[in-house]
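Q: Quick one: the structure is below, questions incoming.
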Amino acid sequence: MSVRTQSSEQPAEAVHRAGFACFVGRPNAGKSTLTNALVGQKVAITSNRPQTTRHTVRGIVHREDAQLILVDTPGLHKPRTLLGERLNDVVRATWAEVDAIGFCIPADQKIGPGDRFIAKELAGIKRTPKIAIVTKTDLVDGKALAEQLIAVDQLGRELGITWAEIIPVSATANQQVGLLADLLIPLMPEGPALYPEGDLTDEPEQVMVAELIREAALEGVRDELPHSIAVVVEEMLPREDRPADKPLLDIHANLFIERPSQKGIVIGPKGKRLKDVGIKSRKQIEALLGTPVFLDLHVKVAKDWQRDPKQLRRLGF
């Protein structure tokens with residue numbers, strides 16, 4: 001078993017590589033946090049609740065000799081709803097199209113049925129190189145980390161997966177994040193950059209704004225609400241009659257929940273919680289778009305949207 005913990009050597013010849021990698025793992029394995037750490041800016045929605053990433057968010061890592069495009073997929077899981085099945089289809093389609101797969105396994109949790117379920121699926125994808133990434137290493141001591149690395153190696157042997165590398169990282173403590181990029185880049189095909197220098201993601205701004213609002217809404221409700229919030233940005237328009245040096249962007253967005261009883265939870269007593277969601281997400285949206293924003297939020301009920309094909313389509317899934 002080779003575990004990477006030193007800086008890898010750069011190849012002598014100056015070739016440029018560009019390609020796609022995706023992180024997989026059970027929900028809450030640290031995939032989005034890792035994407036953000038590699039890109040150096042918040043592009044994927046992160047939450048301490050599983051099942052937050054719904055869209056394929058691409059983060060783009062620019063280097064002189066390479067461009068690494070990170071495709072962040074939803075966590076693969078045993079589906080209970082139509083939405084769950086659609087999310088799993090998105091995952092498998094993504095795996096078939098990327099140049100490398102990073103399998104994320106948290107250092108602080110024993111390998112469980114969820115990890116095995118994903119590893120078995122991975123074993124069926126023969127051609128794509130796979131790196132095993134043990135995440136959240138800042139949460140464990142050296143002994144526990146060593147045991148987890150051995151367990152990951154063992155899992156690969158059991159299922160016939162040859163890991164291209166096994167690497168421990170901590171995205172929050174920024175340990176070995178750069179090394180992970182160094183290991184992914186040689187797995188990319190040779191070729192020119194696929195995105196302009198300044199781009200960090202190819203998600204439409206409207207989708208990213210919706211994700212930031214959704215993240216703020218989820219943070220407020222902790223365990224009271226399952227993941228039944230969808231956000232749709234109805235419009236984003238520059239306010240008319242504003243002087244050029246004082247622009248203002250009007251954003252109107254709807255938060256959809258499944259049942260009328262959830263409305264009070266999202267809005268909070270005297271509207272306080274919804275107001276907090278607005279304040280928090282507005283700051284992040286302004287940082288993302290680089291312009292002052294007026295944010296208008298409304299909470300609406302879309303009955304059982306996670307199970308209804310028509311509603312799923314309308315909400316963009």
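Chain labels A, B, ... are given in the sequence in which chains occur in the structure tokens; within each chain residues are numbered consecutively from 1, and ligands are likewise numbered from 1 in the order shown.
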Would you mind writing down, as a ChimeraX atom specification, each residue of stretch 37-238 of chain A that DSSP on the backbone assigns to alpha helix (DSSP H)?

A: /A:37-39,82-97,113-123,142-159,177-184,205-221

Q: Do you know which residues are at most 7 Å from A:Thr128 counting only C-alpha atoms, after dropping those on the same chain fewer than 6 positions away, and could you put them as a ChimeraX atom specification?

A: /A:99-101

Q: From the options A:Leu68, A:Leu237, A:Ala132, A:Ala37, which residue's atoms come nearest to A:Gln175, counting only C-alpha atoms?

A: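 Closest to A:Gln175 of all the choices is A:Ala37.
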
Q: Excluding A:Gly19 and residues on its chain fewer than 6 positions from it, collect all residues at most 10 Å away from it, counting only C-alpha atoms, and give them as an NGL selection string.

A: :A and (60 or 66-70 or 98-100 or 184-194)

Q: Just checking: using only C-alpha atoms, which residue out of A:Leu212, A:Asn254, A:Arg259, A:Trp305 ends up closest to A:Ala287?

A: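 Closest residue, counting only C-alpha atoms: A:Leu212.
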
Q: If we count only C-alpha atoms, what is near A:Lys136 at a cut-off of 6 Å, once residues fewer than 5 positions away on the same chain are taken out, given as an MDAnalysis selection string?

A: chainID A and resid 106:107 170

Q: Now that the selection is made, can you save its residues with C-alpha atoms as a PDB file, in the first residue's frame?

A:
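As a result, part02.pdb now contains:
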ATOM      1  CA  PRO A 106     -13.930  10.279   6.608  1.00  0.00           C
ATOM      2  CA  ALA A 107     -11.064   9.451   8.981  1.00  0.00           C
ATOM      3  CA  SER A 170      -7.841  17.766   5.961  1.00  0.00           C
TER       4      SER A 170
END

Q: Between A:Glu85, A:Asp153, A:Asp115, A:Glu215, which is the closest to A:Ile285 once you count only C-alpha atoms?

A: A:Glu215

Q: Quick one: pull the distance between atom CA of A:Thr172 and atom CA of A:Thr135, Å, one decimal.

A: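 Distance reported for this atom pair: 9.7 Å.
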
Q: Applying 10 Å and only C-alpha atoms, which residues near A:Cys22 remain after dropping the ones on its own chain fewer than 6 positions away? List them as a PyMOL selection string.

A: chain A and resi 31+35+56+58-59+69-73+91+94-95+97-103+130

Q: Please produce a file of those selected residues containing C-alpha atoms, as a PDB file, in the first residue's frame.

A:
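Result file follows (out-v9.pdb):
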ATOM      1  CA  LYS A  31     -16.601  16.244  -0.753  1.00  0.00           C
ATOM      2  CA  THR A  35     -13.762  21.113  -3.622  1.00  0.00           C
ATOM      3  CA  THR A  56     -23.252  19.146 -10.351  1.00  0.00           C
ATOM      4  CA  ARG A  58     -17.745  22.326 -11.054  1.00  0.00           C
ATOM      5  CA  GLY A  59     -14.845  23.959  -9.279  1.00  0.00           C
ATOM      6  CA  ILE A  69     -12.097  20.708 -13.259  1.00  0.00           C
ATOM      7  CA  LEU A  70     -13.815  19.268 -10.210  1.00  0.00           C
ATOM      8  CA  VAL A  71     -17.283  17.877 -10.651  1.00  0.00           C
ATOM      9  CA  ASP A  72     -19.078  17.656  -7.337  1.00  0.00           C
ATOM     10  CA  THR A  73     -21.890  15.096  -7.389  1.00  0.00           C
ATOM     11  CA  VAL A  91     -23.805  10.284 -10.018  1.00  0.00           C
ATOM     12  CA  THR A  94     -20.823  11.628 -14.028  1.00  0.00           C
ATOM     13  CA  TRP A  95     -18.508   8.768 -13.079  1.00  0.00           C
ATOM     14  CA  GLU A  97     -17.436  10.794 -18.052  1.00  0.00           C
ATOM     15  CA  VAL A  98     -14.570  11.934 -15.785  1.00  0.00           C
ATOM     16  CA  ASP A  99     -10.808  11.329 -16.056  1.00  0.00           C
ATOM     17  CA  ALA A 100     -10.310  10.423 -12.387  1.00  0.00           C
ATOM     18  CA  ILE A 101     -12.455   9.657  -9.333  1.00  0.00           C
ATOM     19  CA  GLY A 102     -11.589  10.575  -5.745  1.00  0.00           C
ATOM     20  CA  PHE A 103     -13.358   8.309  -3.228  1.00  0.00           C
ATOM     21  CA  LYS A 130      -9.426   6.039  -8.585  1.00  0.00           C
TER      22      LYS A 130
END

Q: One number please: atom CA of A:Val90 to atom CA of A:Val24, in Å, one decimal.

A: 11.9 Å

Q: Neighbouring residues of A:Leu38 were defined as those with any atom within 8 Å, considering only C-alpha atoms; residues of the same chain fewer than 6 positions away were excluded. Please report them as a list in words.

A: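 Once the adjacent positions are removed, what remains is Val61, Val177, Gly178 and Ala181 of chain A.
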
Q: If you count only C-alpha atoms, which residues fall within 12 Å of stretch 160-164 of chain A, apart from same-chain ones fewer than 2 positions away, as a PyMOL selection string?

A: chain A and resi 1-4+100-103+116+118-133+149+152-158+166-167+180+183-184+186-187

Q: So how far away is atom CA of A:Ile267 from atom CA of A:Val209, in Å?

A: 19.2 Å

Q: Which residues in stretch 58-197 of chain A does DSSP call strand (DSSP E)? List them as a ChimeraX atom specification.

A: /A:58-63,66-72,100-106,130-135,163-168

Q: Go ahead and write the selection's residues with N, CA, C and O atoms as a short mmCIF file (atom, residue, chain, number, x, y, z; two decimals), in the first residue's frame.

A:
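Saved to selection26.cif:
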data_model
loop_
_atom_site.label_atom_id
_atom_site.label_comp_id
_atom_site.auth_asym_id
_atom_site.auth_seq_id
_atom_site.Cartn_x
_atom_site.Cartn_y
_atom_site.Cartn_z
N ARG A 58 -19.13 22.52 -10.65
CA ARG A 58 -17.75 22.33 -11.05
C ARG A 58 -16.87 23.42 -10.46
O ARG A 58 -17.15 24.59 -10.63
N GLY A 59 -15.86 23.00 -9.75
CA GLY A 59 -14.84 23.96 -9.28
C GLY A 59 -13.65 23.82 -10.20
O GLY A 59 -13.35 22.72 -10.66
N ILE A 60 -12.98 24.92 -10.50
CA ILE A 60 -11.88 24.87 -11.47
C ILE A 60 -10.58 25.30 -10.80
O ILE A 60 -10.50 26.39 -10.23
N VAL A 61 -9.59 24.39 -10.81
CA VAL A 61 -8.28 24.68 -10.24
C VAL A 61 -7.35 25.05 -11.39
O VAL A 61 -7.12 24.25 -12.30
N HIS A 62 -6.82 26.29 -11.35
CA HIS A 62 -5.93 26.76 -12.42
C HIS A 62 -4.48 26.64 -11.97
O HIS A 62 -4.12 27.14 -10.91
N ARG A 63 -3.66 26.01 -12.80
CA ARG A 63 -2.21 26.00 -12.57
C ARG A 63 -1.53 26.32 -13.89
O ARG A 63 -2.15 26.18 -14.94
N ALA A 66 -1.53 23.10 -15.80
CA ALA A 66 -2.71 22.23 -15.79
C ALA A 66 -3.98 22.98 -15.40
O ALA A 66 -3.93 24.05 -14.79
N GLN A 67 -5.09 22.37 -15.77
CA GLN A 67 -6.39 22.85 -15.30
C GLN A 67 -7.19 21.62 -14.86
O GLN A 67 -7.37 20.69 -15.63
N LEU A 68 -7.59 21.67 -13.59
CA LEU A 68 -8.32 20.54 -13.01
C LEU A 68 -9.74 20.99 -12.76
O LEU A 68 -9.99 21.94 -12.03
N ILE A 69 -10.69 20.32 -13.42
CA ILE A 69 -12.10 20.71 -13.26
C ILE A 69 -12.77 19.68 -12.36
O ILE A 69 -12.80 18.49 -12.66
N LEU A 70 -13.25 20.16 -11.22
CA LEU A 70 -13.82 19.27 -10.21
C LEU A 70 -15.33 19.24 -10.35
O LEU A 70 -15.98 20.27 -10.32
N VAL A 71 -15.85 18.05 -10.51
CA VAL A 71 -17.28 17.88 -10.65
C VAL A 71 -17.78 17.32 -9.33
O VAL A 71 -17.37 16.25 -8.91
N ASP A 72 -18.61 18.07 -8.66
CA ASP A 72 -19.08 17.66 -7.34
C ASP A 72 -20.47 17.07 -7.48
O ASP A 72 -21.40 17.76 -7.86
N ALA A 100 -10.76 11.04 -13.64
CA ALA A 100 -10.31 10.42 -12.39
C ALA A 100 -11.41 10.58 -11.34
O ALA A 100 -12.19 11.53 -11.39
N ILE A 101 -11.46 9.62 -10.41
CA ILE A 101 -12.46 9.66 -9.33
C ILE A 101 -11.73 9.66 -7.99
O ILE A 101 -10.82 8.85 -7.77
N GLY A 102 -12.11 10.58 -7.11
CA GLY A 102 -11.59 10.57 -5.74
C GLY A 102 -12.67 10.04 -4.82
O GLY A 102 -13.76 10.61 -4.74
N PHE A 103 -12.38 8.92 -4.14
CA PHE A 103 -13.36 8.31 -3.23
C PHE A 103 -13.08 8.82 -1.81
O PHE A 103 -12.04 8.51 -1.24
N CYS A 104 -14.00 9.62 -1.27
CA CYS A 104 -13.79 10.25 0.03
C CYS A 104 -14.36 9.39 1.16
O CYS A 104 -15.53 9.03 1.14
N ILE A 105 -13.50 9.10 2.14
CA ILE A 105 -13.91 8.33 3.32
C ILE A 105 -13.44 9.09 4.55
O ILE A 105 -12.24 9.35 4.69
N PRO A 106 -14.35 9.49 5.44
CA PRO A 106 -13.93 10.28 6.61
C PRO A 106 -13.03 9.47 7.54
O PRO A 106 -13.26 8.27 7.75
N LYS A 130 -8.76 5.66 -9.84
CA LYS A 130 -9.43 6.04 -8.58
C LYS A 130 -8.40 6.32 -7.50
O LYS A 130 -7.51 5.51 -7.26
N ILE A 131 -8.56 7.46 -6.84
CA ILE A 131 -7.73 7.80 -5.69
C ILE A 131 -8.58 7.69 -4.44
O ILE A 131 -9.71 8.20 -4.40
N ALA A 132 -8.08 7.01 -3.41
CA ALA A 132 -8.81 6.95 -2.14
C ALA A 132 -8.35 8.12 -1.27
O ALA A 132 -7.15 8.31 -1.05
N ILE A 133 -9.31 8.94 -0.84
CA ILE A 133 -8.99 10.15 -0.05
C ILE A 133 -9.59 9.99 1.34
O ILE A 133 -10.81 9.93 1.49
N VAL A 134 -8.73 9.88 2.34
CA VAL A 134 -9.21 9.81 3.72
C VAL A 134 -9.32 11.25 4.23
O VAL A 134 -8.32 11.95 4.40
N THR A 135 -10.57 11.72 4.41
CA THR A 135 -10.82 13.14 4.74
C THR A 135 -10.92 13.35 6.25
O THR A 135 -10.97 12.39 7.02
N TRP A 163 -6.25 1.15 -6.10
CA TRP A 163 -6.19 2.60 -5.88
C TRP A 163 -4.94 3.16 -6.56
O TRP A 163 -3.84 2.64 -6.36
N ALA A 164 -5.10 4.21 -7.36
CA ALA A 164 -3.93 4.87 -7.96
C ALA A 164 -3.08 5.49 -6.85
O ALA A 164 -1.85 5.51 -6.91
N GLU A 165 -3.75 5.99 -5.81
CA GLU A 165 -3.08 6.55 -4.63
C GLU A 165 -4.03 6.42 -3.45
O GLU A 165 -5.25 6.35 -3.63
N ILE A 166 -3.46 6.44 -2.24
CA ILE A 166 -4.27 6.60 -1.02
C ILE A 166 -3.68 7.81 -0.31
O ILE A 166 -2.47 7.84 -0.05
N ILE A 167 -4.50 8.81 -0.06
CA ILE A 167 -3.96 10.05 0.52
C ILE A 167 -4.85 10.56 1.67
O ILE A 167 -6.06 10.67 1.50
N PRO A 168 -4.24 10.86 2.83
CA PRO A 168 -5.00 11.49 3.91
C PRO A 168 -4.99 13.01 3.75
O PRO A 168 -3.94 13.58 3.44
#

Q: With only C-alpha atoms as the atoms that count, which of A:Ile229, A:Ala144, A:Ala93, A:Val293 lies nearest to A:Ala217?

A: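 Closest to A:Ala217, using only C-alpha atoms: A:Ile229.
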